[in-house]
Structures are given as C-alpha cells and as structure tokens.
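Undergrad: My structure is below; once you've seen it, I'll send some questions.
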Amino acid sequence: MYIFGTQYLRGASPEKDQWDRDMENMRRMGFNTLRAWLVWNACEKADGEIDHEYITSFLNCAKKHDLHVGLLFHLHAAPDWAIKKYPQYFYVDEDHRPFVPGVRANTPSGGWPGLCFDHEEVRELEERFIRGVISETKKYENVAFYEPMNEPHSWVDLMKKPSGIFCYCPATTKKFQDWLQKKYGDVEKLNQAWGHFYGSFDEILPPRWMHSYSDYTDFRLFTMDNVVEEIAYRTKIIKDCDTKPVIAHAWGGGAVTCSQLGGMAFDDWKNAKVFDKWGFSAFPQKAEDCSSLALGCNATRCAARGKEVWQSELTAGINGTGLRQRGRIDDNTFYKFSLESIRHGAKGLLYWQYRKERFGSEFGGFAMTDYAGGPTNLSRCAEKLCSMLQKNEDIFNHYHQDQARVALVFSIRSYLANWVSEGRGNNKYAVDSINGYYRMMWEENIITDVIHEDFFDDLSQYNLIILPSPYALSEKMAEALKAYIKNGGTVLSDPYFGAFDKDMKLARQVPGFGFAEIFGCEEDDICQQPTVLLKGKDGTCLIEGNNQMETFRHVTADALYSYEDGSPAILSKAYGKGRALISGVNLGLSYSTRALVGDDFTSQDQGNSSLGAKEIVMKLCRECGVPQNPCTAEGVKVSILKTEGEADGIVLINSLPAPARGVLSLDASYASARTILGSAPCALEKNGLSFTLQGDESAVIRLQK
C-alpha cells in the first residue's frame, strides 16, 4: 500500500458531525491514511481526565471506512487548567518575561507554546498524557503510527522583530550550562572560544540582545540538541506503550530551506536518528517554487540516512488565509508539487489538509475541498493520482534511483553565522546560495545529494562537491575535504571559506583550516557587491544577485575568470590527484529563485538567473564526468524510478508553458511503455523513450521489462 491521505483532525475542527461523511468521501477517493492531532487541551480538558470518547470515536469512524490513522501528540497546546496551575513553567523570553500561552496559527484552540519541557514536572505531565492516551489507542489496529512532536524545532515568536527566541527560564539556563561544561570541560577553554572571562560555568547566561557569534552559535546548537532530547524522551514513552512505528517530519522543507534556522534551531540529521521513518512538510505557492521543493525533498532523503521518507504535509493547494485569499492552484501545478515529492524519494504522501480551517489565523486556508467538504479540482486531481499510485505500488513502494555524483554541503554553523550576522533576522544568504546551486542541477536532471558538515559517509562516491556559503564550515568536514581532493576529488567553494574557526572566532588566515595552500590563494579583501562582471577565455558574463566579492593575493592557482580590473576572480589549483576551485563571487546565490517553502515564512526577494554562473558550474560538471542530462527536451524534469521487479517508472514534468517533445535515454531495454498518469504520447525507441508533453503538463510512464 502506498501511503496516501491527508491531515484531518486538529482540536475543534472538523466537527464530529462531519467525520463520517468526510471519511466516506476520502475512502471513495482511494485515500488510506489520515493524520490526526491529539491536541493536549482538546483531549485533557480537566487535570488527569483524558477524553477517550473524543479519541476513540474518531478511530472507530476511521475504522468503519478502512482508514489508517497516525496520531500526533501536540503538547504545544497547554490546557487552561495547566496554564492556571503552572505559571512558573511558562517559557521565558530574553527580557525575562514569561510568555503567557495563547492562540497560534497551528493551534487555534490556544495554549501555544505550552509549558517549557525543561522542567521535570512538565515532563511528568507529558508522560502521564501520552501513557493515558495510548492505554486506549493501542487497542486499535488502524492506528498506524505515532508522532511525538509536530515538526520538531524550538518555537520562535514571529510577532517580534527580530523573531523572539526561547527559552531563558532557569531550567533551560541550567541545561545550557551543563551542555557547555560537557562540550568544553574547562571554563578556561570556553573563555578562549568566546573571548569571555567567566570564573565558572554557573555564571554563564544564554546570550541576548546584541549579536555575537561564538556564544549565540553554542546557544542554538544546544537548543537543537535539547529538541532531540525531548523527542527522544517522548519516543521512548510511546515505544514503552505500543509497538507501532514512531514518525516525525521536518518543518517547511527542512533545515536546509529554513530562513530562520537560527531562531527555530533544529537539525534534520539529528532529529531523524530518533525515528523509525522521517519526512518533511512543504508549502510551495507557485510552479516556480518546484526547485526549492525538490531541494527540501532531497535534503530530507539524505537526512534520513536510508530510512523510509514521507512527504508528511504537502500543501493541498489553497494559497492564502483569512481576507488574503489567493485562490486554488491549477491542476498542472498540483501534479507538479505532488510528483516532485514522489520522484525525490517520498514513499508516502499526505496533504495539508482536507477541510478549510474554521478557526484561528489559518481561517479558510490550505484545504483540498470546498467550504462544506465537497469536491474541487484539487480533490479530483488527488483522486486520480491516488488511483495511479495504488495500481502501480510495485514501482512506487520499491523504487530507487542512480547514485548522485554531485553533493552540496549543508553547513549548519554557516547558517547560524549568517543568522547572527543579520542581527538574528534571517539566514537567507545561506539558504539562497544552496538553493541556486541546486536549481542548476535540477534544471539539468543531475541527481544531487545534500550532505551535512557533521554527518557524511565516504565522499569518494562524488565527482564534484560544492560548498555554498562555507563561512563557518566544520573542522570535521574541512579535514575530510582535504583527503577527498588529495585522492582525486573536485571541490568548488563559495567565497569566505573557513573565515570562522572551529570555535567561531575569526580565522587568522582566509581561506581557513589550511586551505590557502589547497586553493592556491589567500584572501586580500571582501566586500558586498550585487553585480559583478567576470572575464574568461570564452568572453564575459554578468553575475547579478551576488552578495560577496572576494579578492585574492599570493595566488599560485590558475585564474579561470578575472574581475574587470584583471585581478583573479575564480581560481583552480591541482592538489594531489584532485582539484580545488574557489570563486570570489556567489555563483549559487546569483541563480537562486529566492523561494521559501515553509508556511511561516515567505520571501519577497527577487530571484536571479545569471546564466553565466550556471554555465561555469555546468562546465565544471562536464569536466568532472558528472552524468549529463539524459533528456533532450528543454525544461522537462525527469526521474527514472528503478525497481528489482518487472517494471520501472518514469516521471516527466514540463516546467515550461510551451509543448515539449524529446527523447529520454534509457540504460536498459523494455518490452513496452504506457502512460499511467496524464495524456502524454510515448514510444520506445532504440535505447530511449520518445514523448510529447503539453505546456506545464506532467506524466508518469510505466516501463514493462
């Protein structure tokens, strides 16, 4: 069974009198799975009294319609009795003010953000609630999985500018002090790292107000680890009570695409270790956001490190809420969003959400159905897609793709450096830089991995490794890259490589970590320059949407491109058996859509498409032997889904409004080809598949072996 369904229950909506009809319609559409939020204040309205009837009546209704249910423990919604009883456990902001729980977009019933889980008594309340719920739900075979936290991250106060971060209460402060002592061992080592003069760890308070790099980075890295500790705690309780899998998913495209990562403080790679399966949510708004959606998909796949991946919350297709409605997306865009998720690894697909929200600030938003739960173009598309997936489970439940030969390095420390540098406002330069490099690969159907600076395997599998915004690259990754290049690998780096040392202090030489020898240069100066003209052997190219312009001295490398004044701009140097390239301009940033796919943040920045930047990177890919685009049709995105069974699949997505005709190269022979979604004509040819797509059309092809 391919997991296919929708988010449905959240507190007071949809109302109970709608459940039976809605679930009957869902089952008719082929849906098999629902996500239901067990909102704490909706389930435990009085101290110690769980409303089992509310929960079990929902499960019985789902059972009646043969629907599996995943149950999320939404403990960010404190009941009113707990708010009244435990004000000493409220989250505390940087001004020492307790944050009184209230309504938030994803918690219209109030109680957000709950009580600070760093207090032992709050942990006990959580355990009592989880165990109490599962004492009944474990009896239901249609309970398919549990979630201990929605989109595990540290909450941020988005009403403040910059966004308010948490928590500064005594319990969290003590845990931070303990974390620092474990990391540094001796307070003098911390003083050297931070440039402070503490006498003991218990003198240290979490940083606030004016930004500083070392202390803020440690505070947010601690917060990431603290989130992991909390979800591990809840997961252990769940597993003590029931044998069902425990699952969670990353916020809005994941850490790689989060422009407020410094505030929200989560690490997909660390979080994914806790769970049996891993996923992510995504809320793209227009078809042009598909490359950012695909980036989030691929990063999630890589963070899962071989575990099954789901698209756990994909926009159902309505843009806007309240009085700012922007209408439903069209059929073609709906299929693009869904197929991007599927072709990049999702073995399950759940939409957000089935019905329009009736309460809170998400009023009227995000739904697949109309006001009364009736059909729309979106629900009709979902029904067709669901039917195709279930009829071809032999492909979609078991496919794999070829190994990526290009990797983009996700430097979480560099994201934090960007966030601190912007006065805790955002880390969009880092997000947009990786977004642009990924977009180049996505457009050319080059399979690409995203690797974490602290969690990676053998780098030798990659022909090319690209370093977007490597300002604060980890020492572990820097040392691994030295060996990779020496043994024959190729690296392309953005400007300001290793400007922060391992303790987030300013390096004494840039490039840092001893890479001046490897890149064959030393930085002379760096400034902000949005438009740069580069000169190469083949002519000039204009780089627009740039940020940093780095100049070099003591150059022993070859200059592939120069600035207008003739000084070197992009350098290449042989090192060992490999090659190291450093660019003085932000090539990825200048090709970024600047799109975000999280529901909490939107980008008003203008995207850029500096074709010269893309050509520089594509030329390097060719030189490195990276497999080239197997499809001859411009603008068509392709994935070949390979199985060990009797059939393979092909996903085709035309990203352009004009019709597309082309041939897709195949490395195996097939007996037949048949379109199973869409209306694209196709035919097998010698070593290939010819096809025709209408403008913006998507199609899925079944290849019989």
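Chain labels run A, B, ... following the order of the structure tokens; each chain numbers its residues from 1, and ligands are numbered from 1 in the order shown.
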Pick out each residue of range 610-661 of chain A that DSSP on the backbone tags as strand (DSSP E or B); I need them as a list in words.
TA: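 Taking range 610-661 of chain A and keeping strand (DSSP E or B) only, one gets Cys631, Val636, Lys637, Val638, Ser639, Ile640, Leu641, Lys642, Ala647, Asp648, Gly649, Ile650, Val651, Leu652, Ile653, Asn654, Ala660 and Arg661 of chain A.
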Undergrad: Can you pull out every residue within 10 Å of Pro98 in chain A, counting only C-alpha atoms, but drop anything in the same chain fewer than 2 positions away, and send it as JSON, numbers by chain?
TA: {"A": [87, 88, 89, 90, 91, 92, 93, 94, 95, 96, 100, 101, 167, 168, 169]}
Undergrad: Go ahead and save the picked residues with N, CA, C and O atoms, as a compact mmCIF listing (two decimals), in the first residue's frame.
TA:
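In the end it all went to part_0.txt:
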# COMPACT_ATOMS: atom_id res chain seq x y z
N PRO A 87 2.02 28.52 36.18
CA PRO A 87 2.61 29.70 35.53
C PRO A 87 4.13 29.76 35.70
O PRO A 87 4.81 30.43 34.91
N GLN A 88 4.67 29.07 36.69
CA GLN A 88 6.11 29.07 36.90
C GLN A 88 6.86 28.31 35.80
O GLN A 88 8.09 28.40 35.72
N TYR A 89 6.11 27.58 34.95
CA TYR A 89 6.74 26.79 33.90
C TYR A 89 6.53 27.39 32.50
O TYR A 89 6.80 26.73 31.49
N PHE A 90 6.05 28.62 32.44
CA PHE A 90 5.92 29.28 31.14
C PHE A 90 7.32 29.47 30.53
O PHE A 90 8.32 29.63 31.24
N TYR A 91 7.36 29.48 29.19
CA TYR A 91 8.59 29.87 28.51
C TYR A 91 8.92 31.32 28.88
O TYR A 91 8.02 32.13 29.10
N VAL A 92 10.20 31.64 28.90
CA VAL A 92 10.67 32.97 29.28
C VAL A 92 11.46 33.57 28.13
O VAL A 92 12.32 32.90 27.55
N ASP A 93 11.15 34.83 27.78
CA ASP A 93 11.85 35.46 26.67
C ASP A 93 13.14 36.12 27.14
O ASP A 93 13.49 36.10 28.32
N GLU A 94 13.87 36.73 26.20
CA GLU A 94 15.19 37.28 26.52
C GLU A 94 15.11 38.48 27.46
O GLU A 94 16.13 38.88 28.05
N ASP A 95 13.93 39.06 27.62
CA ASP A 95 13.74 40.17 28.56
C ASP A 95 13.22 39.70 29.91
O ASP A 95 12.70 40.49 30.70
N HIS A 96 13.33 38.38 30.14
CA HIS A 96 12.92 37.76 31.41
C HIS A 96 11.41 37.77 31.61
O HIS A 96 10.94 37.59 32.73
N VAL A 100 2.86 34.10 28.18
CA VAL A 100 1.56 33.50 28.53
C VAL A 100 1.02 32.75 27.32
O VAL A 100 0.86 33.34 26.24
N PRO A 101 0.74 31.45 27.42
CA PRO A 101 0.27 30.68 26.28
C PRO A 101 -1.01 31.26 25.68
O PRO A 101 -1.87 31.80 26.39
N CYS A 167 14.59 29.20 25.16
CA CYS A 167 13.95 29.71 26.35
C CYS A 167 15.05 30.19 27.29
O CYS A 167 16.17 29.67 27.29
N TYR A 168 14.71 31.20 28.12
CA TYR A 168 15.65 31.80 29.06
C TYR A 168 15.26 31.52 30.51
O TYR A 168 15.73 32.21 31.41
N CYS A 169 14.41 30.52 30.73
CA CYS A 169 14.00 30.22 32.09
C CYS A 169 15.15 29.55 32.86
O CYS A 169 16.13 29.09 32.26
Undergrad: List as a PyMOL selection string the protein and nucleic acid residues near range 368-383 of chain A, meaning an atom at most 9 Å away when only C-alpha atoms are counted, but skip any in the same chain fewer than 3 places from it.
TA: chain A and resi 18+21-22+25-26+28-31+315-318+328-331+334-335+338+351-356+364+386-388
Undergrad: If you run DSSP over the backbone, which residues in range 146-195 of chain A end up helix (DSSP H, G or I)? Put them as a list in words.
TA: Pro170, Ala171, Thr172, Thr173, Lys174, Lys175, Phe176, Gln177, Asp178, Trp179, Leu180, Gln181, Lys182, Lys183, Tyr184, Val187, Glu188, Lys189, Leu190, Asn191, Gln192, Ala193 and Trp194 of chain A
Undergrad: Counting only C-alpha atoms, which residue out of A:Ile640, A:Gly320, A:Ile3, A:Cys43 sits closest to Phe363 in chain A?
TA: A:Gly320
Undergrad: Can you work out which one of A:Ile342, A:Ile434, A:Ala668, A:Ala255 has the shortest atom-to-atom distance to Leu589 in chain A, counting only C-alpha atoms?
TA: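 Counting only C-alpha atoms, the residue closest to Leu589 in chain A is A:Ile434.
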Undergrad: Identify, on the basis of only C-alpha atoms, every residue whose closest approach to Leu652 in chain A does not exceed 12 Å; exclude the query and any residue fewer than 3 positions from it along the same chain; express the result as a tab-separated table (two decimals) with C-alpha atoms, in the first residue's frame.
TA:
chain	number	residue	atom	x	y	z
A	335	TYR	CA	0.56	17.46	-10.08
A	336	LYS	CA	3.96	19.17	-10.18
A	339	LEU	CA	5.26	14.42	-8.36
A	340	GLU	CA	8.30	16.44	-7.26
A	342	ILE	CA	7.32	11.40	-5.13
A	343	ARG	CA	10.19	11.41	-7.62
A	445	ASN	CA	18.27	16.49	-14.28
A	631	CYS	CA	16.56	14.18	-21.73
A	633	ALA	CA	13.58	18.28	-24.28
A	634	GLU	CA	14.34	21.67	-22.79
A	635	GLY	CA	12.61	22.35	-19.48
A	636	VAL	CA	11.46	18.78	-18.88
A	637	LYS	CA	12.31	17.31	-15.48
A	638	VAL	CA	12.85	13.58	-15.46
A	639	SER	CA	13.27	10.84	-12.89
A	640	ILE	CA	13.77	7.19	-13.75
A	641	LEU	CA	12.39	5.07	-10.92
A	649	GLY	CA	8.67	4.10	-13.84
A	655	SER	CA	8.32	23.20	-16.35
A	660	ALA	CA	7.86	19.77	-25.30
A	661	ARG	CA	8.97	16.88	-27.49
A	662	GLY	CA	12.05	14.87	-26.78
A	663	VAL	CA	13.81	11.60	-26.18
A	664	LEU	CA	14.87	10.21	-22.82
A	675	THR	CA	1.30	6.41	-19.85
A	676	ILE	CA	-0.39	5.84	-16.47
A	677	LEU	CA	-0.92	9.48	-15.44
A	678	GLY	CA	-1.59	12.29	-17.85
A	679	SER	CA	-2.09	12.03	-21.58
A	680	ALA	CA	1.46	12.22	-22.93
A	681	PRO	CA	2.05	10.06	-26.03
A	682	CYS	CA	5.21	7.97	-25.68
A	689	LEU	CA	11.78	6.79	-24.97
A	690	SER	CA	10.24	9.48	-27.17
A	691	PHE	CA	7.45	11.58	-25.67
A	692	THR	CA	5.33	14.68	-26.12
A	693	LEU	CA	4.11	16.89	-23.26
A	694	GLN	CA	1.78	19.83	-23.42
A	695	GLY	CA	2.82	23.08	-21.75
A	696	ASP	CA	3.13	22.66	-17.93
A	697	GLU	CA	1.92	19.06	-18.23
A	698	SER	CA	3.17	16.20	-16.08
A	699	ALA	CA	3.05	12.50	-16.89
A	700	VAL	CA	4.03	9.16	-15.42
A	701	ILE	CA	5.14	6.29	-17.68
A	702	ARG	CA	5.21	2.59	-16.79
Undergrad: Just checking: using only C-alpha atoms, which residue out of A:Arg10, A:Trp419, A:Gly578, A:Cys541 ends up closest to Thr490 in chain A?
TA: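 Ranked by minimum distance to Thr490 in chain A, first place goes to A:Gly578.
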Undergrad: Could you tell me how far CA of Lys85 in chain A sits from CA of Asp202 in chain A, in Å to one decimal place?
TA: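 Distance between the two atoms: 29.1 Å.
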Undergrad: Need to verify the contact set: range 479-488 of chain A, 6 Å, only C-alpha atoms, exclusion of same-chain residues closer than 4 positions in sequence. Can you return it as number ranges by chain?
TA: A: 575-578
Undergrad: Put those residues in a file: C-alpha atoms, as a PDB file, in the first residue's frame.
TA:
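Generated output (result20.pdb):
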ATOM      1  CA  TYR A 575      46.147  19.348  -5.219  1.00  0.00           C
ATOM      2  CA  GLY A 576      47.277  15.746  -5.004  1.00  0.00           C
ATOM      3  CA  LYS A 577      45.247  13.839  -7.557  1.00  0.00           C
ATOM      4  CA  GLY A 578      42.333  16.283  -7.352  1.00  0.00           C
TER       5      GLY A 578
END
Undergrad: Env of Pro152 in chain A: 10 Å cut, atoms = only C-alpha atoms, seq-sep filter 3 positions within chain, self excluded. Answer as a list in words.
TA: Pro148, Met149, Trp155, Met224, Val227, Val228, Glu230, Ile231, Ala248, His249, Ala250, Trp251, Met264, Ala265, Phe266, Asp267, Asp268 and Asn271 of chain A
